[in-house]
$ cat run.txt   # compact mmCIF, C-alpha atoms and all ligand atoms
# COMPACT_ATOMS: atom_id res chain seq x y z
CA MET A 1 8.32 41.44 -41.07
CA LYS A 2 6.52 39.49 -38.36
CA ILE A 3 5.67 41.58 -35.33
CA THR A 4 3.65 41.28 -32.14
CA LEU A 5 1.53 44.05 -30.68
CA SER A 6 0.90 43.79 -26.93
CA LEU A 7 -1.55 46.17 -25.27
CA ILE A 8 -1.44 45.83 -21.48
CA LYS A 9 -3.46 47.95 -19.09
CA ALA A 10 -3.83 48.33 -15.33
CA ASP A 11 -5.25 50.67 -12.72
CA ILE A 12 -2.34 51.33 -10.38
CA GLY A 13 -3.62 54.46 -8.68
CA SER A 14 -5.37 57.69 -9.42
CA ILE A 15 -6.22 61.18 -8.22
CA GLY A 16 -9.44 62.21 -6.52
CA GLY A 17 -10.80 58.66 -6.19
CA HIS A 18 -10.90 56.37 -9.25
CA LEU A 19 -10.75 59.30 -11.69
CA ARG A 20 -7.43 59.73 -13.50
CA PRO A 21 -3.75 58.76 -12.92
CA SER A 22 -1.27 61.54 -12.15
CA LYS A 23 1.20 62.82 -14.72
CA ALA A 24 4.05 61.73 -12.45
CA LEU A 25 2.64 58.20 -12.45
CA LEU A 26 2.44 58.07 -16.25
CA ASP A 27 5.99 59.49 -16.44
CA THR A 28 7.31 56.88 -14.00
CA VAL A 29 5.84 53.99 -16.01
CA GLY A 30 7.25 55.57 -19.20
CA GLU A 31 10.71 56.13 -17.69
CA TYR A 32 10.88 52.54 -16.48
CA ILE A 33 10.12 51.19 -19.94
CA GLU A 34 12.45 53.68 -21.59
CA GLY A 35 15.27 52.37 -19.40
CA GLU A 36 14.60 48.69 -20.15
CA LYS A 37 13.13 48.68 -23.63
CA ASP A 38 16.23 48.26 -25.81
CA LYS A 39 16.69 44.63 -24.92
CA LEU A 40 13.13 43.65 -25.66
CA VAL A 41 10.82 45.93 -27.58
CA ILE A 42 11.00 47.78 -30.88
CA ASP A 43 8.67 50.59 -29.83
CA TYR A 44 6.11 51.50 -27.19
CA ARG A 45 3.44 54.08 -26.31
CA ILE A 46 1.74 54.91 -23.03
CA GLY A 47 -1.64 56.50 -22.44
CA SER A 48 -4.47 56.72 -19.93
CA THR A 49 -8.22 56.11 -20.08
CA GLY A 50 -10.14 56.96 -16.93
CA ASP A 51 -8.10 55.62 -14.01
CA ASP A 52 -6.19 53.08 -16.12
CA ILE A 53 -2.74 53.21 -17.72
CA ALA A 54 -2.24 51.29 -20.97
CA ILE A 55 1.11 50.34 -22.49
CA LEU A 56 1.35 49.43 -26.17
CA PHE A 57 4.46 47.46 -27.20
CA SER A 58 5.68 46.28 -30.57
CA HIS A 59 8.21 43.44 -30.46
CA GLN A 60 9.13 40.14 -32.10
CA LYS A 61 8.71 37.74 -29.21
CA GLY A 62 5.19 36.49 -29.96
CA THR A 63 2.07 36.58 -27.79
CA GLY A 64 2.14 35.56 -24.14
CA ASN A 65 5.88 36.20 -23.92
CA SER A 66 7.05 36.22 -20.30
CA GLU A 67 9.82 38.80 -20.83
CA ILE A 68 7.38 41.31 -22.36
CA HIS A 69 4.79 40.61 -19.68
CA LYS A 70 7.43 41.00 -16.98
CA LEU A 71 8.49 44.34 -18.45
CA ALA A 72 4.88 45.57 -18.21
CA TRP A 73 4.51 44.11 -14.71
CA ASP A 74 7.74 45.72 -13.49
CA ALA A 75 6.74 49.06 -15.05
CA PHE A 76 3.41 48.86 -13.21
CA MET A 77 5.25 47.97 -10.00
CA ALA A 78 7.53 50.98 -10.45
CA GLY A 79 4.39 53.06 -11.07
CA THR A 80 2.76 51.63 -7.95
CA ALA A 81 5.76 52.75 -5.86
CA LYS A 82 5.31 56.25 -7.31
CA ALA A 83 1.55 56.14 -6.69
CA LYS A 84 2.19 55.21 -3.05
CA GLU A 85 4.77 57.98 -2.72
CA GLU A 86 2.26 60.49 -4.08
CA GLY A 87 -0.57 59.09 -1.96
CA LEU A 88 -2.71 58.26 -4.98
CA TYR A 89 -5.95 56.42 -4.36
CA GLY A 90 -6.01 52.67 -5.08
CA ALA A 91 -2.21 52.42 -5.58
CA GLY A 92 -1.46 49.06 -7.21
CA GLN A 93 -5.17 48.21 -7.33
CA ASP A 94 -5.07 45.88 -10.34
CA LEU A 95 -1.85 44.06 -9.41
CA LEU A 96 -3.66 41.25 -7.66
CA LYS A 97 -0.74 38.97 -6.96
CA ASN A 98 2.46 39.87 -5.13
CA ALA A 99 4.88 38.30 -7.55
CA PHE A 100 5.13 37.90 -11.31
CA SER A 101 4.71 34.29 -12.39
CA GLY A 102 5.52 34.21 -16.10
CA ASN A 103 2.34 35.59 -17.66
CA ILE A 104 0.65 38.83 -16.67
CA LYS A 105 -2.74 37.36 -17.63
CA GLY A 106 -4.48 36.21 -14.49
CA LEU A 107 -2.52 38.64 -12.32
CA GLY A 108 -4.93 41.56 -12.80
CA PRO A 109 -3.89 43.67 -15.80
CA ALA A 110 -5.90 43.41 -19.04
CA VAL A 111 -4.00 42.07 -22.06
CA ALA A 112 -4.72 42.11 -25.80
CA GLU A 113 -2.02 40.71 -28.10
CA MET A 114 -1.68 39.83 -31.74
CA GLU A 115 1.19 38.47 -33.86
CA PHE A 116 1.09 39.01 -37.62
CA GLU A 117 3.10 39.67 -40.75
CA GLU A 118 3.13 43.44 -41.20
CA ARG A 119 1.31 44.58 -44.31
CA GLU A 120 3.00 47.19 -46.46
CA ASN A 121 0.83 49.70 -44.61
CA GLU A 122 -0.37 48.50 -41.23
CA PRO A 123 -3.07 50.73 -39.72
CA PHE A 124 -4.68 49.64 -36.45
CA ILE A 125 -6.64 51.08 -33.54
CA CYS A 126 -6.10 50.59 -29.79
CA PHE A 127 -9.34 50.71 -27.83
CA CYS A 128 -9.24 51.15 -24.05
CA ALA A 129 -12.39 51.31 -21.92
CA ASP A 130 -12.88 52.23 -18.26
CA LYS A 131 -15.68 51.60 -15.74
CA THR A 132 -16.93 48.63 -17.74
CA ASP A 133 -15.99 45.05 -18.61
CA PRO A 134 -14.86 43.06 -21.69
CA GLY A 135 -18.44 42.47 -22.90
CA ALA A 136 -18.62 46.19 -23.68
CA PHE A 137 -16.87 45.51 -27.00
CA ASN A 138 -19.29 42.76 -28.09
CA LEU A 139 -21.90 44.93 -29.77
CA PRO A 140 -19.48 47.35 -31.50
CA LEU A 141 -17.47 44.38 -32.86
CA TYR A 142 -20.58 42.56 -34.05
CA LEU A 143 -21.83 45.68 -35.82
CA GLY A 144 -18.40 46.69 -37.16
CA PHE A 145 -17.56 43.23 -38.56
CA ALA A 146 -20.87 41.56 -39.34
CA ASP A 147 -23.54 44.19 -40.01
CA PRO A 148 -23.59 46.16 -43.28
CA MET A 149 -25.58 48.86 -41.45
CA HIS A 150 -22.19 49.91 -39.99
CA CYS A 151 -19.70 48.02 -42.14
CA SER A 152 -20.52 48.95 -45.72
CA GLY A 153 -17.43 47.01 -46.87
CA LEU A 154 -19.36 43.78 -46.33
CA ILE A 155 -21.40 44.64 -49.41
CA LEU A 156 -19.02 46.99 -51.23
CA SER A 157 -15.58 45.37 -50.96
CA PRO A 158 -14.82 42.06 -52.71
CA LYS A 159 -12.08 41.52 -50.06
CA MET A 160 -14.68 41.33 -47.33
CA SER A 161 -17.56 39.50 -48.98
CA LYS A 162 -16.69 36.16 -47.33
CA GLY A 163 -17.23 37.76 -43.90
CA PHE A 164 -15.37 37.11 -40.65
CA LYS A 165 -14.78 34.32 -38.16
CA PHE A 166 -15.55 35.15 -34.52
CA GLU A 167 -13.88 33.45 -31.54
CA ILE A 168 -16.14 33.90 -28.52
CA MET A 169 -15.04 33.00 -24.98
CA ASP A 170 -17.14 31.77 -22.10
CA VAL A 171 -15.57 33.99 -19.43
CA GLU A 172 -17.56 32.41 -16.62
CA TYR A 173 -15.70 29.16 -17.18
CA THR A 174 -12.58 29.61 -15.08
CA LYS A 175 -10.84 26.20 -15.30
CA ASN A 176 -9.28 27.03 -18.65
CA ASP A 177 -10.03 29.03 -21.83
CA ARG A 178 -13.33 27.77 -23.25
CA PHE A 179 -14.30 29.19 -26.60
CA ILE A 180 -16.39 28.66 -29.72
CA GLU A 181 -15.67 29.69 -33.33
CA LEU A 182 -18.58 30.94 -35.42
CA ASN A 183 -18.71 32.40 -38.91
CA ALA A 184 -20.50 35.52 -40.07
CA PRO A 185 -22.71 35.73 -42.02
CA GLU A 186 -24.05 32.14 -41.83
CA ASP A 187 -23.90 31.83 -38.00
CA LEU A 188 -25.12 35.40 -37.34
CA TYR A 189 -28.08 34.40 -35.19
CA ASP A 190 -25.95 32.04 -33.10
CA ILE A 191 -23.37 34.80 -32.63
CA ALA A 192 -26.12 37.22 -31.57
CA ALA A 193 -27.63 34.65 -29.21
CA LEU A 194 -24.30 34.38 -27.37
CA LEU A 195 -23.37 38.07 -27.45
CA ARG A 196 -26.73 38.97 -25.89
CA ASP A 197 -25.10 37.92 -22.60
CA ASN A 198 -22.18 40.37 -22.31
CA GLU A 199 -21.17 39.16 -18.87
CA ARG A 200 -20.64 35.57 -19.93
CA PHE A 201 -19.73 35.52 -23.64
CA VAL A 202 -17.02 37.83 -24.93
CA ILE A 203 -15.48 38.16 -28.39
CA SER A 204 -11.78 37.40 -27.98
CA LYS A 205 -10.61 37.28 -31.62
CA ILE A 206 -11.88 37.96 -35.13
CA TYR A 207 -10.32 36.66 -38.37
CA SER A 208 -10.82 37.56 -42.02
CA ARG A 209 -12.33 34.65 -43.97
CA GLU A 210 -10.75 36.04 -47.11
CA ASN A 211 -7.15 35.39 -46.02
CA GLY A 212 -7.29 33.97 -42.48
CA GLU A 213 -5.58 37.09 -41.08
CA GLN A 214 -6.39 38.12 -37.52
CA ALA A 215 -8.17 41.46 -37.28
CA VAL A 216 -9.05 41.68 -33.58
CA ALA A 217 -7.55 40.69 -30.25
CA ALA A 218 -9.52 41.70 -27.16
CA SER A 219 -8.87 41.22 -23.45
CA THR A 220 -11.17 38.80 -21.65
CA THR A 221 -9.94 39.07 -18.05
CA ARG A 222 -12.60 39.20 -15.36
CA LEU A 223 -11.00 40.41 -12.15
CA HIS A 224 -13.54 38.91 -9.82
CA ASN A 225 -12.78 35.50 -11.35
CA ILE A 226 -9.15 35.99 -10.34
CA ALA A 227 -9.53 37.53 -6.92
CA GLY A 228 -12.83 35.84 -6.01
CA THR A 229 -14.09 39.15 -4.71
CA TYR A 230 -14.55 42.74 -5.87
CA THR A 231 -11.29 44.43 -6.80
CA GLY A 232 -12.43 46.85 -9.51
CA LYS A 233 -14.13 46.47 -12.86
CA ASP A 234 -12.37 44.68 -15.67
CA ASP A 235 -11.83 47.71 -17.88
CA PRO A 236 -10.97 46.02 -21.20
CA VAL A 237 -8.52 46.77 -24.02
CA MET A 238 -8.59 45.72 -27.65
CA LEU A 239 -6.42 45.85 -30.80
CA VAL A 240 -8.19 46.14 -34.16
CA ARG A 241 -6.35 46.04 -37.51
CA VAL A 242 -8.23 48.08 -40.11
CA GLN A 243 -8.49 48.72 -43.88
CA GLY A 244 -7.93 46.44 -46.87
CA SER A 245 -9.50 43.05 -46.11
CA PHE A 246 -10.57 44.39 -42.69
CA PRO A 247 -13.26 47.01 -42.02
CA ALA A 248 -12.18 50.64 -42.51
CA ALA A 249 -11.27 52.64 -39.41
CA GLY A 250 -14.53 54.55 -39.71
CA GLU A 251 -16.56 51.34 -39.96
CA VAL A 252 -15.03 50.02 -36.77
CA LEU A 253 -15.65 53.37 -35.03
CA SER A 254 -19.21 53.77 -36.33
CA PRO A 255 -20.99 51.60 -33.67
CA TYR A 256 -19.61 53.82 -30.88
CA SER A 257 -22.10 56.45 -32.06
CA ILE A 258 -24.81 54.39 -30.33
CA GLY A 259 -23.64 54.84 -26.74
CA HIS A 260 -24.98 51.38 -25.93
CA TYR A 261 -25.63 50.48 -22.30
CA VAL A 262 -22.87 48.43 -20.70
CA ALA A 263 -22.16 46.99 -17.26
CA GLY A 264 -19.93 49.00 -14.94
CA PHE A 265 -20.29 52.66 -13.96
CA MET A 266 -20.40 53.40 -10.22
CA ARG A 267 -18.92 50.57 -8.10
CA GLY A 268 -18.94 48.31 -11.16
CA SER A 269 -22.56 47.59 -10.28
CA HIS A 270 -24.69 49.61 -12.68
CA ASN A 271 -25.61 49.92 -16.31
CA GLY A 272 -24.54 53.02 -18.20
CA PRO A 273 -24.03 54.14 -21.80
CA LEU A 274 -20.52 53.82 -23.24
CA MET A 275 -19.21 57.31 -24.05
CA PRO A 276 -16.46 57.67 -26.71
CA VAL A 277 -13.96 60.18 -25.26
CA LYS A 278 -10.61 61.80 -26.01
CA ALA A 279 -7.33 60.20 -24.95
CA GLY A 280 -6.45 60.82 -21.32
CA CYS A 281 -10.05 61.63 -20.34
CA GLY A 282 -10.86 60.86 -16.72
CA THR A 283 -14.18 59.79 -15.27
CA SER A 284 -16.54 61.99 -13.30
CA PHE A 285 -20.35 61.72 -13.19
CA PHE A 286 -21.31 58.77 -10.94
CA ASP A 287 -17.70 57.54 -11.36
CA GLY A 288 -18.40 57.38 -15.05
CA PRO A 289 -20.06 57.24 -17.39
CA PRO A 290 -18.31 54.17 -18.82
CA ILE A 291 -15.81 55.54 -21.36
CA VAL A 292 -13.82 54.31 -24.34
CA THR A 293 -10.78 55.86 -26.07
CA ALA A 294 -9.49 54.93 -29.52
CA ALA A 295 -5.92 55.64 -30.64
CA GLY A 296 -5.18 55.04 -34.32
CA TYR A 297 -1.61 54.20 -35.45
CA CYS A 298 0.35 52.80 -38.32
CA VAL A 299 3.19 50.45 -37.47
CA HIS A 300 6.10 50.04 -39.89
CA ASN A 301 9.01 47.67 -39.19
CA GLY A 302 7.70 47.66 -35.64
CA LYS A 303 7.90 51.45 -35.25
CA PHE A 304 4.75 53.37 -34.40
CA THR A 305 3.64 56.61 -35.97
CA GLU A 306 2.20 59.31 -33.75
CA ALA A 307 -1.34 58.49 -32.58
CA VAL A 308 -4.53 59.88 -34.03
CA ASP A 309 -7.08 60.39 -31.25
CA CYS A 310 -10.07 58.93 -33.10
CA PHE A 311 -12.79 60.36 -30.84
CA ASP A 312 -11.26 63.85 -30.85
CA HIS A 313 -13.43 65.15 -33.66
CA PRO A 314 -16.48 67.48 -33.71
CA TYR A 315 -18.74 64.58 -34.72
CA TRP A 316 -18.14 62.85 -31.39
CA ASP A 317 -19.09 66.01 -29.43
CA HIS A 318 -22.58 65.46 -30.76
CA VAL A 319 -22.46 61.77 -29.72
CA ARG A 320 -21.15 62.67 -26.26
CA ARG A 321 -24.14 64.98 -25.68
CA LYS A 322 -26.51 62.17 -26.60
CA VAL A 323 -24.67 59.69 -24.37
CA ALA A 324 -24.71 62.16 -21.45
CA ARG A 325 -28.48 62.43 -21.91
CA LYS A 326 -28.81 58.62 -21.95
CA ALA A 327 -26.71 58.40 -18.78
CA THR A 328 -28.83 61.01 -17.00
CA GLU A 329 -32.06 59.32 -18.03
CA LEU A 330 -31.01 55.94 -16.63
CA ARG A 331 -29.53 57.48 -13.48
CA GLU A 332 -32.90 59.09 -12.76
CA GLN A 333 -34.11 55.69 -11.58
CA GLY A 334 -31.20 55.23 -9.17
CA PHE A 335 -31.04 51.67 -7.85
CA SER A 336 -34.23 50.47 -9.45
CA GLY A 337 -34.47 47.67 -11.99
CA ALA A 338 -32.44 48.12 -15.17
CA ALA A 339 -30.29 50.90 -13.65
CA MET A 340 -28.43 48.45 -11.41
CA LEU A 341 -26.84 45.15 -12.45
CA PRO A 342 -28.44 41.84 -11.50
CA TYR A 343 -27.47 40.31 -8.18
CA SER A 344 -24.86 37.99 -9.69
CA GLU A 345 -22.96 40.91 -11.23
CA LEU A 346 -22.90 43.30 -8.28
CA GLU A 347 -19.25 43.87 -7.62
CA TYR A 348 -19.45 44.70 -3.93
CA GLY A 349 -20.16 41.97 -1.38
CA GLY A 350 -22.08 44.26 0.99
CA ILE A 351 -25.47 43.42 -0.43
CA VAL A 352 -24.88 39.68 0.07
CA ASP A 353 -24.48 40.23 3.83
CA LYS A 354 -27.47 42.55 3.84
CA MET A 355 -29.67 39.97 2.11
CA LYS A 356 -28.56 37.27 4.57
CA ARG A 357 -29.50 39.50 7.49
CA LEU A 358 -32.88 40.33 5.96
CA GLU A 359 -33.55 36.70 5.07
CA SER A 360 -33.63 35.77 8.76
CA LYS A 361 -36.23 38.49 9.40
CA PHE A 362 -38.76 37.20 6.84
CA LYS A 363 -41.94 35.70 8.35
CA SER A 364 -44.50 33.40 6.76
C1 LIG A 401 -15.70 51.39 -10.45
C2 LIG A 401 -14.84 52.21 -9.61
C3 LIG A 401 -15.46 53.14 -8.64
C4 LIG A 401 -15.39 52.62 -7.22
C5 LIG A 401 -16.01 53.61 -6.21
C6 LIG A 401 -15.82 53.18 -4.77
O1 LIG A 401 -14.94 50.58 -11.26
O2 LIG A 401 -13.64 52.13 -9.66
O3 LIG A 401 -16.79 53.42 -9.00
O4 LIG A 401 -16.04 51.38 -7.13
O5 LIG A 401 -15.42 54.87 -6.35
O6 LIG A 401 -14.47 52.93 -4.59
P1 LIG A 401 -13.86 52.38 -3.24
O7 LIG A 401 -14.58 51.09 -2.90
O8 LIG A 401 -12.42 52.18 -3.57
O9 LIG A 401 -14.10 53.45 -2.21
MG MG A 402 -10.07 51.94 -10.28
MG MG A 403 -10.39 51.55 -14.27

$ encode --input "run.txt" --output "structure tokens"
Amino acid sequence: MKITLSLIKADIGSIGGHLRPSKALLDTVGEYIEGEKDKLVIDYRIGSTGDDIAILFSHQKGTGNSEIHKLAWDAFMAGTAKAKEEGLYGAGQDLLKNAFSGNIKGLGPAVAEMEFEERENEPFICFCADKTDPGAFNLPLYLGFADPMHCSGLILSPKMSKGFKFEIMDVEYTKNDRFIELNAPEDLYDIAALLRDNERFVISKIYSRENGEQAVAASTTRLHNIAGTYTGKDDPVMLVRVQGSFPAAGEVLSPYSIGHYVAGFMRGSHNGPLMPVKAGCGTSFFDGPPIVTAAGYCVHNGKFTEAVDCFDHPYWDHVRRKVARKATELREQGFSGAAMLPYSELEYGGIVDKMKRLESKFKS
């Protein structure tokens, strides 16, 4: 059976600043979809990561389908009304346009979608990150799909020995989608050369070279490219099919043990280590640290199993302590150097005005 998974996420309001959505808000989004779903979707799940709400749909309408996108948009609009009623902070923050125009991409919410023929057993993982941007998934995907230091299947499994094809997008190019396809292992150094720059080059898809099947779909939206000004960080989502000719769940999860430094954190303007957290976790220290959740499912005839919260395991407590230490160490240098993002990536315009004012005071 051919199905489509659509994972669509937005920040439409939260409690105590940009920390976590309210239960009533999650319920409202859920109730809206429950009321409308029969016509369109086979199944759905809703969860939160930091201040964002993510909706996972299974359906048979293909990727980029306007009815599915409208359902998500309308659910977020219903949620925004609730967020306003409750007085939540940043109500409707990520809904950048007033009206739906056929595709939710480019309107604010992050979207990851994949259409495929269901395998007999179809395990996959939904990743949602907050207080960071789509480049945050570059390193974990590179390591999980192209490096035998994390993905032992590359040397142990005959189904994976041909490696994977990476589609990498130039997200600074805003006229249309501009991407390159590169193959691991032979193009590894070229892939690494691009992925070095997480703010410009972002992995959008990965395919098995054994059977051409798509393993990964990641969101590539950059909000400041849509709005032209700061409206929040781009908080990405990603779908990863696992097992068989794809890496095992544990191989895909393994790189999150690093707590690598990503862009985001306070005011979307700092670097911070990515902390793997439990589903529904909010943000806290310095509006962060940047966090990622991972929900594992199987889908069968379009119906989802219950979720397994992949980072809810004693092993990740140990990782979280390390990541907290890394966050504290970088925060000790405040605004200086590597702690804050380069000028071009600062998400608040205030410093631009400040620099203009100071410029006129320079003497030579
Ligand atoms: C980062 C984020 C927060 C806010 C910060 C200030 O993605 O959401 O760090 O940037 O709390 O928020 P405002 O400007 O809404 O007061
Ligand atoms: Mg927010
Ligand atoms: Mg967010």

$ atom_distance --input "run.txt" --atom1 "CA of Ser58 (chain A)" --atom2 "CA of Leu274 (chain A)"
28.2 Å

$ closest_residue --input "run.txt" --among "A:Asn271, A:Asn301, A:Asn138, A:Asn183" --to "Glu345 (chain A)" --atoms "all atoms listed in the file"
A:Asn271

$ atom_distance --input "run.txt" --atom1 "CA of Ala327 (chain A)" --atom2 "CA of Gly272 (chain A)"
5.8 Å

$ residues_near_ligand --input "run.txt" --ligand "ligand MG 403 (chain A)" --cutoff "6 Å" --atoms "all atoms listed in the file" --output "list in words"
Asp11, Asp51, Asp52, Asp130, Lys131 and Asp235 of chain A

$ residues_around --input "run.txt" --residues "Ser66 (chain A)" --least-positions-apart "6" --cutoff "9 Å" --atoms "all atoms listed in the file" --output "count of residues only"
4

$ residues_near_ligand --input "run.txt" --ligand "ligand LIG 401 (chain A)" --cutoff "6 Å" --atoms "only C-alpha atoms and all ligand atoms" --output "count of residues only"
10

$ residues_around --input "run.txt" --residues "region 33-40 of chain A" --least-positions-apart "5" --cutoff "9 Å" --atoms "only C-alpha atoms" --output "number ranges by chain"
A: 28, 59-61, 67-68, 71-72, 74-75

$ closest_residue --input "run.txt" --among "A:Thr132, A:Thr305, A:Ser364, A:Ser219" --to "ligand MG 402 (chain A)" --atoms "all atoms listed in the file"
A:Thr132

$ atom_distance --input "run.txt" --atom1 "CA of Ala192 (chain A)" --atom2 "CA of Ala136 (chain A)"
14.1 Å
